[in-house]
Amino acid sequence: MSSEIHARQQLAIGKKEQRKLENSRVCIVGVGGTGCAVAGLLGRAGLGLILVDRDIVEKSNLGRQILYTEKDIGTLKALAAKKNILAANPDAKITAITDELKAENAERFLNTDLIIDCTDNIAARFLINEVSLKKKIPWIYTGAIKNEGMIAIFSGAGKPCFRCMVPRVPKAGSLEICSTAGVLGPLPSVVGSIAARSAIEILLGHSENGKLLKIGDEFEMLNIKEREWCDTCKKEFPILTGRENLEKSMQFCGAIVLKSDVPFSEARKRMKKNSKIISSSGTAIVSEHKNSRVIPLKSGKIIFRNVR
């Protein structure tokens, strides 16, 4: 790593601690508004990052998602974020995953020193919570909507855990999302900056559990109450074991999502033949067709954006 890039940070935390950060791995789920701030700051700080996002950069993102420019529109977010972080810190160790997080891959994707939730999907947070408790990995929950933000820290030990705070997985469409309720432009970066600082503290051994910071007109720190009946704290994992299905709760911000029986390899052939390929990876293809974006995923879903 370039000592000059991290010189000021190293003065603040020490050489040994800086080396510890550089040897750590953090999984950031979602590289939208909050995820851009978290990933950008931690990538510059020298941490190893795994970026998980199956969506694309759109023009409506540019007002708050600070890693992207107009040149990135139509590109898979995880790939664009990796490229732009490396432009600032060429020594950064970054893996981009352009797949959706689900029970079948969660333990593999999230097997890191710390997980940071920056998704727009509450169902994914219940999945992260179970992996965290099963593997004893700390994680940070973040959220930003309208002019309010939230950050919660969970140690991976439970008592409390995320399900203590939100007992039931809400149905898709029952919660406000940024594409319908909006979000104040600077707010995700405020939330992301605090989450990035918390991440560094956790990785250096200053961990907390069950703390919730609410950001609005004022900053308010709350304790999350442990619920004695919480099955997840008791190490029962209904999502990972398949007893609870998240499909009806999955929510894609500002998109139409359909299931497809077409194999991914066949979808790639059809896209190349009938539309313009903008960005692609081993798990997602972004194509443009009549001013709409069509994104087949290897998982068997197709995301449609800008469809009229």
# chains A, B, ... in the order shown; residues from 1 in each chain; ligands from 1
$ select_by_dssp --residues "range 22-258 of chain A" --states "strand (DSSP E or B)" --output "ChimeraX atom specification"
/A:25-29,48-52,56,76,94-97,114-117,139-146,148-154,183,211-215,219-223,256-258
$ residues_around --residues "range 106-117 of chain A" --least-positions-apart "6" --cutoff "9 Å" --atoms "only C-alpha atoms" --output "PyMOL selection string"
chain A and resi 24-30+35+38+50+52+97+124-125+127-128+131-132+135+137-143+195-196+199+202-203+240
$ select_by_dssp --residues "range 109-261 of chain A" --states "alpha helix (DSSP H)" --output "PyMOL selection string"
chain A and resi 109+122-135+162-165+178-181+187-203
$ closest_residue --among "A:Asn129, A:Asn306, A:Thr119, A:Asn209" --to "Phe237 in chain A" --atoms "only C-alpha atoms"
A:Asn129
$ residues_around --residues "Val262 in chain A" --least-positions-apart "6" --cutoff "12 Å" --atoms "only C-alpha atoms" --output "VMD selection string"
chain A and resid 268 to 271 296 to 302
$ closest_residue --among "A:Glu266, A:Pro167, A:Ala181, A:Val294" --to "Asp231 in chain A" --atoms "only C-alpha atoms"
A:Pro167
$ atom_distance --atom1 "CA of Lys146 in chain A" --atom2 "CA of Ile66 in chain A"
17.6 Å
$ atom_distance --atom1 "CA of Asn61 in chain A" --atom2 "CA of Asn84 in chain A"
15.4 Å
$ atom_distance --atom1 "CA of Lys290 in chain A" --atom2 "CA of Leu258 in chain A"
18.5 Å
$ residues_around --residues "His289 in chain A" --least-positions-apart "2" --cutoff "6 Å" --atoms "only C-alpha atoms" --output "number ranges by chain"
A: 275, 291-292
$ write_last_selection --atoms "C-alpha atoms" --output "PDB file, in the first residue's frame"
ATOM      1  CA  SER A 275     -30.207  -5.132 -28.377  1.00  0.00           C
ATOM      2  CA  ASN A 291     -34.559   3.422 -24.550  1.00  0.00           C
ATOM      3  CA  SER A 292     -35.279   0.849 -21.830  1.00  0.00           C
TER       4      SER A 292
END
$ residues_around --residues "Arg64 in chain A" --least-positions-apart "5" --cutoff "10 Å" --atoms "only C-alpha atoms" --output "list in words"
Gly32, Gly33, Thr34, Cys36, Ala37, Val183, Leu184, Gly185, Pro186, Leu187, Pro188 and Ser189 of chain A
$ closest_atom_pairs --of "range 170-273 of chain A" --to "range 149-163 of chain A" --cutoff "9 Å" --atoms "only C-alpha atoms" --output "JSON lines"
{"residue": "A:Leu187", "atom": "CA", "partner": "A:Gly149", "partner_atom": "CA", "distance": 7.0}
{"residue": "A:Pro188", "atom": "CA", "partner": "A:Gly149", "partner_atom": "CA", "distance": 7.6}
{"residue": "A:Val190", "atom": "CA", "partner": "A:Gly149", "partner_atom": "CA", "distance": 8.5}
{"residue": "A:Val191", "atom": "CA", "partner": "A:Gly149", "partner_atom": "CA", "distance": 6.3}
{"residue": "A:Gly192", "atom": "CA", "partner": "A:Ile151", "partner_atom": "CA", "distance": 8.9}
{"residue": "A:Ile194", "atom": "CA", "partner": "A:Ile151", "partner_atom": "CA", "distance": 8.1}
{"residue": "A:Ala195", "atom": "CA", "partner": "A:Ile151", "partner_atom": "CA", "distance": 6.9}
{"residue": "A:Ser198", "atom": "CA", "partner": "A:Ile153", "partner_atom": "CA", "distance": 8.4}
{"residue": "A:Ile202", "atom": "CA", "partner": "A:Ser155", "partner_atom": "CA", "distance": 8.9}
{"residue": "A:Ser207", "atom": "CA", "partner": "A:Ser155", "partner_atom": "CA", "distance": 6.9}
{"residue": "A:Glu208", "atom": "CA", "partner": "A:Ser155", "partner_atom": "CA", "distance": 6.4}
{"residue": "A:Asn209", "atom": "CA", "partner": "A:Phe154", "partner_atom": "CA", "distance": 4.7}
{"residue": "A:Gly210", "atom": "CA", "partner": "A:Phe154", "partner_atom": "CA", "distance": 5.5}
{"residue": "A:Lys211", "atom": "CA", "partner": "A:Ala152", "partner_atom": "CA", "distance": 5.5}
{"residue": "A:Leu212", "atom": "CA", "partner": "A:Ala152", "partner_atom": "CA", "distance": 4.3}
{"residue": "A:Leu213", "atom": "CA", "partner": "A:Ile151", "partner_atom": "CA", "distance": 5.1}
{"residue": "A:Lys214", "atom": "CA", "partner": "A:Met150", "partner_atom": "CA", "distance": 4.7}
{"residue": "A:Ile215", "atom": "CA", "partner": "A:Gly149", "partner_atom": "CA", "distance": 4.8}
{"residue": "A:Gly216", "atom": "CA", "partner": "A:Gly149", "partner_atom": "CA", "distance": 6.6}
{"residue": "A:Ile224", "atom": "CA", "partner": "A:Pro160", "partner_atom": "CA", "distance": 6.6}
{"residue": "A:Lys225", "atom": "CA", "partner": "A:Pro160", "partner_atom": "CA", "distance": 6.3}
{"residue": "A:Glu226", "atom": "CA", "partner": "A:Pro160", "partner_atom": "CA", "distance": 4.3}
{"residue": "A:Arg227", "atom": "CA", "partner": "A:Pro160", "partner_atom": "CA", "distance": 7.0}
{"residue": "A:Glu228", "atom": "CA", "partner": "A:Lys159", "partner_atom": "CA", "distance": 8.2}
{"residue": "A:Cys230", "atom": "CA", "partner": "A:Arg163", "partner_atom": "CA", "distance": 7.0}
{"residue": "A:Asp231", "atom": "CA", "partner": "A:Arg163", "partner_atom": "CA", "distance": 8.6}
{"residue": "A:Thr232", "atom": "CA", "partner": "A:Arg163", "partner_atom": "CA", "distance": 7.0}
{"residue": "A:Cys233", "atom": "CA", "partner": "A:Gly158", "partner_atom": "CA", "distance": 4.9}
{"residue": "A:Lys234", "atom": "CA", "partner": "A:Gly158", "partner_atom": "CA", "distance": 8.1}
{"residue": "A:Lys235", "atom": "CA", "partner": "A:Gly158", "partner_atom": "CA", "distance": 8.7}
